[in-house]
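J.: Below is run_28.tsv; it holds TSV, C-alpha atoms and all ligand atoms.
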```tsv
chain	number	residue	atom	x	y	z
C	1	MET	CA	-14.54	-51.28	62.91
C	2	ASP	CA	-12.42	-48.22	63.64
C	3	CYS	CA	-14.29	-45.87	66.01
C	4	ASN	CA	-13.41	-42.17	66.07
C	5	VAL	CA	-14.49	-39.54	68.57
C	6	VAL	CA	-15.30	-36.09	67.20
C	7	HIS	CA	-15.65	-32.81	69.08
C	8	GLY	CA	-17.84	-30.99	66.56
C	9	SER	CA	-21.06	-32.07	64.89
C	10	LEU	CA	-21.41	-35.41	63.15
C	11	LEU	CA	-23.06	-33.68	60.22
C	12	GLU	CA	-19.98	-31.53	59.75
C	13	THR	CA	-17.84	-34.66	59.90
C	14	ALA	CA	-19.98	-36.35	57.25
C	15	HIS	CA	-19.81	-33.28	55.05
C	16	ALA	CA	-16.04	-32.92	55.45
C	17	LEU	CA	-15.44	-36.54	54.46
C	18	VAL	CA	-17.88	-36.52	51.55
C	19	SER	CA	-16.57	-33.24	50.15
C	20	SER	CA	-13.00	-34.57	50.33
C	21	MET	CA	-14.01	-37.57	48.20
C	22	THR	CA	-16.14	-35.87	45.52
C	23	LEU	CA	-15.23	-33.66	42.58
C	24	PRO	CA	-17.02	-31.12	40.39
C	25	GLY	CA	-18.89	-32.99	37.66
C	26	ASP	CA	-19.56	-36.07	39.80
C	27	THR	CA	-22.96	-37.68	40.34
C	28	ALA	CA	-24.11	-38.14	43.93
C	29	VAL	CA	-27.18	-39.62	45.61
C	30	ASP	CA	-29.10	-38.25	48.58
C	31	ALA	CA	-30.93	-41.38	49.76
C	32	THR	CA	-33.05	-39.50	52.35
C	33	VAL	CA	-33.76	-36.03	50.99
C	34	GLY	CA	-35.91	-34.79	53.87
C	35	ASN	CA	-35.74	-31.01	54.01
C	36	GLY	CA	-32.87	-30.98	51.50
C	37	HIS	CA	-29.90	-29.91	53.63
C	38	ASP	CA	-27.70	-32.78	52.44
C	39	THR	CA	-29.02	-32.42	48.89
C	40	LEU	CA	-27.91	-28.79	48.88
C	41	PHE	CA	-24.54	-29.76	50.34
C	42	LEU	CA	-24.03	-32.50	47.71
C	43	GLY	CA	-24.92	-30.00	45.01
C	44	GLN	CA	-22.16	-27.73	46.27
C	45	CYS	CA	-19.71	-30.66	46.08
C	46	VAL	CA	-20.48	-31.65	42.48
C	47	GLY	CA	-21.15	-28.17	41.10
C	48	SER	CA	-23.08	-27.08	38.04
C	49	LYS	CA	-21.58	-29.81	35.84
C	50	GLY	CA	-22.56	-32.53	38.31
C	51	GLU	CA	-25.83	-34.26	39.08
C	52	ILE	CA	-27.73	-35.10	42.25
C	53	ILE	CA	-30.33	-37.84	42.42
C	54	GLY	CA	-32.50	-37.81	45.53
C	55	PHE	CA	-35.10	-40.07	47.14
C	56	ASP	CA	-37.76	-39.63	49.77
C	57	VAL	CA	-41.09	-41.34	50.35
C	58	GLN	CA	-42.79	-38.12	51.52
C	59	GLN	CA	-43.91	-35.60	48.93
C	60	GLN	CA	-43.93	-32.93	51.64
C	61	ALA	CA	-40.21	-33.52	52.18
C	62	LEU	CA	-39.48	-33.23	48.48
C	63	ASP	CA	-41.50	-30.00	48.28
C	64	ASN	CA	-39.51	-28.57	51.21
C	65	ALA	CA	-36.27	-29.62	49.54
C	66	LYS	CA	-37.27	-28.16	46.17
C	67	HIS	CA	-37.91	-24.84	47.89
C	68	ARG	CA	-34.49	-24.96	49.57
C	69	LEU	CA	-32.82	-25.85	46.26
C	70	ARG	CA	-34.64	-23.27	44.16
C	71	ASP	CA	-31.52	-21.16	43.50
C	72	SER	CA	-29.18	-24.07	42.84
C	73	ASP	CA	-27.73	-24.39	39.34
C	74	VAL	CA	-26.99	-28.10	39.78
C	75	SER	CA	-28.97	-30.75	37.92
C	76	ILE	CA	-31.11	-32.24	40.70
C	77	ASN	CA	-33.56	-35.08	40.10
C	78	LEU	CA	-35.75	-35.84	43.08
C	79	HIS	CA	-37.89	-38.97	43.19
C	80	CYS	CA	-40.82	-39.67	45.45
C	81	ALA	CA	-39.71	-43.26	45.88
C	82	GLY	CA	-38.00	-45.47	48.43
C	83	HIS	CA	-34.21	-45.54	48.38
C	84	GLU	CA	-34.46	-49.33	48.19
C	85	GLU	CA	-35.48	-48.76	44.56
C	86	MET	CA	-32.51	-46.54	43.75
C	87	ASP	CA	-31.05	-48.97	41.24
C	88	THR	CA	-34.08	-48.50	38.97
C	89	TYR	CA	-33.48	-44.73	38.85
C	90	VAL	CA	-29.68	-44.50	38.95
C	91	GLN	CA	-28.09	-45.76	35.74
C	92	GLN	CA	-24.52	-44.59	36.27
C	93	GLU	CA	-21.75	-45.03	38.81
C	94	VAL	CA	-21.85	-42.41	41.55
C	95	ALA	CA	-19.22	-40.72	43.70
C	96	ALA	CA	-21.19	-40.46	46.94
C	97	VAL	CA	-24.35	-41.71	48.59
C	98	MET	CA	-25.59	-40.12	51.81
C	99	PHE	CA	-28.22	-41.52	54.16
C	100	ASN	CA	-29.66	-39.65	57.12
C	101	LEU	CA	-31.93	-42.19	58.79
C	102	GLY	CA	-34.95	-41.70	61.01
C	103	TYR	CA	-37.78	-39.23	60.58
C	104	LEU	CA	-38.25	-35.88	58.90
C	105	PRO	CA	-37.39	-33.12	61.40
C	106	GLY	CA	-40.53	-31.12	62.19
C	107	SER	CA	-42.85	-33.92	61.04
C	108	ASP	CA	-45.13	-36.17	63.10
C	109	LYS	CA	-42.46	-38.93	63.15
C	110	SER	CA	-44.92	-41.43	61.69
C	111	THR	CA	-42.74	-42.04	58.63
C	112	ILE	CA	-39.32	-43.35	59.55
C	113	THR	CA	-36.72	-45.35	57.70
C	114	GLN	CA	-37.09	-49.10	58.25
C	115	THR	CA	-34.41	-51.68	58.92
C	116	GLU	CA	-35.24	-54.00	56.04
C	117	THR	CA	-35.46	-51.36	53.31
C	118	THR	CA	-32.51	-49.43	54.71
C	119	LEU	CA	-30.28	-52.51	54.52
C	120	LEU	CA	-31.45	-53.21	50.98
C	121	ALA	CA	-30.74	-49.61	49.99
C	122	VAL	CA	-27.32	-49.45	51.63
C	123	GLY	CA	-26.32	-52.60	49.73
C	124	LYS	CA	-27.55	-51.10	46.46
C	125	ALA	CA	-25.74	-47.85	47.21
C	126	LEU	CA	-22.48	-49.68	47.67
C	127	ALA	CA	-22.99	-51.47	44.35
C	128	LEU	CA	-23.62	-48.16	42.55
C	129	LEU	CA	-20.53	-46.44	43.97
C	130	LYS	CA	-17.47	-46.11	41.78
C	131	ASN	CA	-14.13	-47.20	43.24
C	132	GLY	CA	-13.09	-44.54	45.72
C	133	GLY	CA	-16.69	-43.39	46.11
C	134	VAL	CA	-18.02	-42.72	49.60
C	135	LEU	CA	-21.05	-44.04	51.48
C	136	SER	CA	-22.18	-42.27	54.64
C	137	VAL	CA	-25.03	-43.24	56.96
C	138	MET	CA	-26.16	-41.13	59.92
C	139	CYS	CA	-27.79	-43.47	62.44
C	140	TYR	CA	-30.24	-42.56	65.22
C	141	PRO	CA	-30.61	-45.31	67.83
C	142	GLY	CA	-32.65	-43.09	70.16
C	143	HIS	CA	-36.15	-43.57	68.70
C	144	ALA	CA	-38.29	-46.72	68.62
C	145	GLY	CA	-37.03	-48.90	65.79
C	146	GLY	CA	-33.96	-46.73	65.35
C	147	ASP	CA	-31.97	-48.89	67.75
C	148	VAL	CA	-32.58	-52.08	65.75
C	149	GLU	CA	-31.96	-50.28	62.46
C	150	SER	CA	-28.73	-48.70	63.73
C	151	ARG	CA	-27.47	-52.07	64.97
C	152	ALA	CA	-28.28	-53.74	61.64
C	153	VAL	CA	-26.51	-51.05	59.61
C	154	THR	CA	-23.51	-51.21	61.96
C	155	ASP	CA	-23.35	-54.99	61.43
C	156	PHE	CA	-23.39	-54.39	57.67
C	157	PHE	CA	-20.51	-51.90	57.95
C	158	GLU	CA	-18.53	-54.27	60.21
C	159	ASN	CA	-18.02	-56.45	57.14
C	160	LEU	CA	-16.65	-53.65	54.95
C	161	ASP	CA	-12.93	-52.99	54.71
C	162	GLY	CA	-11.99	-49.52	55.90
C	163	ALA	CA	-15.38	-48.73	57.46
C	164	ARG	CA	-15.29	-46.10	60.18
C	165	MET	CA	-17.68	-45.10	62.93
C	166	PHE	CA	-17.80	-41.56	64.35
C	167	ARG	CA	-19.27	-40.64	67.72
C	168	ARG	CA	-19.41	-37.32	69.51
C	169	LEU	CA	-17.25	-36.90	72.58
C	170	GLY	CA	-19.19	-38.11	75.64
C	171	ALA	CA	-22.08	-39.45	73.54
C	172	GLY	CA	-24.22	-42.14	75.15
C	173	GLU	CA	-25.40	-45.41	73.68
C	174	LYS	CA	-28.61	-43.86	72.36
C	175	SER	CA	-26.87	-40.90	70.73
C	176	PRO	CA	-26.59	-40.59	66.96
C	177	PHE	CA	-23.49	-41.88	65.24
C	178	LEU	CA	-22.06	-41.79	61.76
C	179	LEU	CA	-20.83	-44.66	59.59
C	180	VAL	CA	-18.60	-43.98	56.59
C	181	VAL	CA	-16.82	-46.20	54.09
C	182	GLN	CA	-14.93	-45.54	50.90
C	183	LYS	CA	-15.46	-48.24	48.25
C	184	ASN	CA	-12.19	-50.04	47.58
C	185	GLY	CA	-10.66	-47.01	49.15
C	186	GLN	CA	-7.48	-45.98	50.84
C	187	PRO	CA	-6.41	-47.47	54.17
C	188	GLN	CA	-8.29	-46.19	57.22
C	189	GLU	CA	-5.46	-44.06	58.52
C	190	GLU	CA	-5.26	-42.19	55.19
C	191	ALA	CA	-8.97	-41.32	54.91
C	192	GLY	CA	-9.70	-38.02	56.53
C	193	ARG	CA	-6.06	-36.98	56.78
C	194	GLY	CA	-5.86	-33.21	56.94
C	195	LEU	CA	-9.45	-33.01	58.07
C	196	GLY	CA	-8.58	-33.58	61.70
C	197	LEU	CA	-10.69	-36.75	61.67
C	201	LIG	C1	-33.70	-37.60	58.96
C	201	LIG	S1	-34.73	-37.31	57.58
C	201	LIG	C2	-33.58	-36.75	56.36
C	201	LIG	C3	-33.09	-35.36	56.60
C	201	LIG	C4	-32.42	-34.76	55.39
C	201	LIG	N1	-31.15	-35.38	55.10
C	201	LIG	C5	-32.27	-33.25	55.50
C	201	LIG	O1	-31.21	-32.74	55.17
C	201	LIG	O2	-33.22	-32.60	55.87
C	201	LIG	C6	-35.12	-38.94	57.00
C	201	LIG	C7	-35.98	-38.95	55.75
C	201	LIG	O3	-36.01	-40.28	55.25
C	201	LIG	C8	-37.25	-40.42	54.59
C	201	LIG	N2	-37.52	-41.84	54.33
C	201	LIG	C9	-38.14	-42.75	55.11
C	201	LIG	N3	-38.15	-43.95	54.49
C	201	LIG	C10	-37.54	-43.77	53.29
C	201	LIG	C11	-37.26	-44.62	52.18
C	201	LIG	N4	-37.58	-45.94	52.19
C	201	LIG	N5	-36.62	-44.10	51.12
C	201	LIG	C12	-36.27	-42.80	51.08
C	201	LIG	N6	-36.52	-41.94	52.09
C	201	LIG	C13	-37.14	-42.43	53.18
C	201	LIG	C14	-38.24	-39.74	55.51
C	201	LIG	O4	-39.40	-39.40	54.81
C	201	LIG	C15	-37.42	-38.52	55.97
C	201	LIG	O5	-37.71	-37.38	55.20
```
Just give me the structure of the file as structure tokens.
T.:
Amino acid sequence: MDCNVVHGSLLETAHALVSSMTLPGDTAVDATVGNGHDTLFLGQCVGSKGEIIGFDVQQQALDNAKHRLRDSDVSINLHCAGHEEMDTYVQQEVAAVMFNLGYLPGSDKSTITQTETTLLAVGKALALLKNGGVLSVMCYPGHAGGDVESRAVTDFFENLDGARMFRRLGAGEKSPFLLVVQKNGQPQEEAGRGLGL
């Protein structure tokens, strides 16, 4: 898999890639809503004619996100359900699916994403994407369980044409990294052109 080093934040890299591959009116999925930062970002990408469908297993996370999204004019449907069930809630093709693995920032870290369900969900996300749609997964190998999960998701991406990994300059083995793939997308060297990626 192509590995890219970035100087800025990985979140900014994810957002730059996803926004370059989505259009107003699209439907997008936030697979790990958490406090709603990515949900809000996706809403800005698809605009008031688009739709966001979000998943989290913690009601507290969804409540935090709803508060953050209170002024948004985008159609946002949040489900207190595991992302591994996304195919029962998402009936249409989508332009983007974002995962931000691990635990809810500011929580007790007792609820984290799990390798088995994450792999199931990433596979379902890929199936739901339209051609040219983008899948991004932020991985955190630094916490217990996160190393195994990150390795498993990386192995999954290794088998996808055009998949790319992003790491921060000087990042160690346990540092977060980002995986991105465009479904049946353009060649690697084209994706991200003009974004400095
Ligand atoms: C790193 S946080 C997400 C942060 C979020 N993107 C934000 O902007 O604040 C990971 C989230 O995944 C959630 N989670 C854990 N297992 C899940 C599952 N099976 N399906 C959906 N969400 C899950 C956790 O509850 C947690 O809120």
J.: For the atom pair atom CA of Asp161 of chain C and atom C12 of ligand LIG 201 (chain C), what is the interatomic distance in Å to one decimal place?
T.: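 Spanning atom CA of Asp161 of chain C to atom C12 of ligand LIG 201 (chain C) is a straight-line distance of 25.7 Å.
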J.: Give me the residues of chain C that have any atom at most 6 Å from an atom of ligand LIG 201 (chain C); for each, the nearest atom pair and the distance in Å, rounded to one decimal. Use all atoms listed in the file, sort by chain and number, and format it as JSON lines.
T.:
```
{"residue": "C:Ala31", "atom": "CA", "partner": "C:LIG201", "partner_atom": "C12", "distance": 5.7}
{"residue": "C:Thr32", "atom": "CA", "partner": "C:LIG201", "partner_atom": "O3", "distance": 4.2}
{"residue": "C:Val33", "atom": "CA", "partner": "C:LIG201", "partner_atom": "C4", "distance": 4.8}
{"residue": "C:Gly34", "atom": "CA", "partner": "C:LIG201", "partner_atom": "O5", "distance": 3.4}
{"residue": "C:Asn35", "atom": "CA", "partner": "C:LIG201", "partner_atom": "O2", "distance": 3.5}
{"residue": "C:Gly36", "atom": "CA", "partner": "C:LIG201", "partner_atom": "O1", "distance": 4.4}
{"residue": "C:His37", "atom": "CA", "partner": "C:LIG201", "partner_atom": "O1", "distance": 3.5}
{"residue": "C:Asp38", "atom": "CA", "partner": "C:LIG201", "partner_atom": "O1", "distance": 4.4}
{"residue": "C:Phe55", "atom": "CA", "partner": "C:LIG201", "partner_atom": "C12", "distance": 4.9}
{"residue": "C:Asp56", "atom": "CA", "partner": "C:LIG201", "partner_atom": "N6", "distance": 3.5}
{"residue": "C:Val57", "atom": "CA", "partner": "C:LIG201", "partner_atom": "N6", "distance": 4.9}
{"residue": "C:Gln58", "atom": "CA", "partner": "C:LIG201", "partner_atom": "O4", "distance": 4.9}
{"residue": "C:Ala61", "atom": "CA", "partner": "C:LIG201", "partner_atom": "O5", "distance": 5.5}
{"residue": "C:Gly82", "atom": "CA", "partner": "C:LIG201", "partner_atom": "N5", "distance": 3.3}
{"residue": "C:His83", "atom": "CA", "partner": "C:LIG201", "partner_atom": "N5", "distance": 3.9}
{"residue": "C:Asn100", "atom": "CA", "partner": "C:LIG201", "partner_atom": "C1", "distance": 4.9}
{"residue": "C:Leu101", "atom": "CA", "partner": "C:LIG201", "partner_atom": "C6", "distance": 4.9}
{"residue": "C:Gly102", "atom": "CA", "partner": "C:LIG201", "partner_atom": "C1", "distance": 4.8}
{"residue": "C:Tyr103", "atom": "CA", "partner": "C:LIG201", "partner_atom": "C6", "distance": 4.5}
{"residue": "C:Leu104", "atom": "CA", "partner": "C:LIG201", "partner_atom": "S1", "distance": 4.0}
{"residue": "C:Thr111", "atom": "CA", "partner": "C:LIG201", "partner_atom": "O4", "distance": 5.7}
{"residue": "C:Ile112", "atom": "CA", "partner": "C:LIG201", "partner_atom": "C9", "distance": 4.6}
{"residue": "C:Thr113", "atom": "CA", "partner": "C:LIG201", "partner_atom": "N3", "distance": 3.8}
{"residue": "C:Thr117", "atom": "CA", "partner": "C:LIG201", "partner_atom": "N4", "distance": 5.9}
```
J.: Of the candidates C:Val6, C:Ala96, C:Gly142, C:Glu84, which shows the shortest atom-to-atom distance to Val46 of chain C, using only C-alpha atoms?
T.: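 Looking at the shortest contact to Val46 of chain C, the residue is C:Ala96.
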J.: Which protein, DNA or RNA residues are at most 12 Å from (-31.7, -40.3, 37.0) in the file's coordinates when you count all atoms listed in the file, listed as a list in words?
T.: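 So the residues meeting the distance criterion are Thr27, Ala28, Val29, Glu51, Ile52, Ile53, Gly54, Phe55, Ser75, Ile76, Asn77, Leu78, His79, Glu85, Met86, Asp87, Thr88, Tyr89, Val90, Gln91, Gln92, Glu93 and Val94 of chain C.
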J.: To one decimal place in Å, what is the distance between atom CA of Gly172 of chain C and atom CA of Tyr140 of chain C?
T.: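 Taking atom CA of Gly172 of chain C as the start and atom CA of Tyr140 of chain C as the end point, the length is 11.6 Å.
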J.: Interatomic distance between atom CA of His7 of chain C and atom CA of Leu23 of chain C?
T.: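 One can read the atom CA of His7 of chain C to atom CA of Leu23 of chain C distance as 26.5 Å.
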J.: Identify which of the residues C:Pro176, C:Pro105, C:Gly132, C:Gly170 lies closest to Ser150 of chain C, counting only C-alpha atoms when measuring atom-to-atom distances.
T.: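 Looking only at the distances to Ser150 of chain C, the closest residue turns out to be C:Pro176.
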J.: Please provide as a ChimeraX atom specification all residues within 7 Å of segment 66-74 of chain C, with the sequence filter that same-chain residues fewer than 4 positions apart are discarded (counting only C-alpha atoms).
T.: /C:36,40,43,47-51,62
J.: Determine the nearest neighbour of Lys130 of chain C from the options C:Leu10, C:Leu42, C:Ala95, C:Val181, counting all atoms listed in the file.
T.: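 Closest to Lys130 of chain C of all the choices is C:Ala95.
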J.: Give the answer as one residue: which of C:Leu169, C:Met98, C:Val5, C:Leu120 has the shortest atom-to-atom distance to Val137 of chain C, using only C-alpha atoms?
T.: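 For Val137 of chain C, the nearest of the candidates is C:Met98.
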J.: Leaving out Met1 of chain C and any residue of its chain fewer than 2 positions from it, which residues lie within 10 Å of it when counting all atoms listed in the file, given as a PyMOL selection string?
T.: chain C and resi 3-4+154-155+157-165+179+188
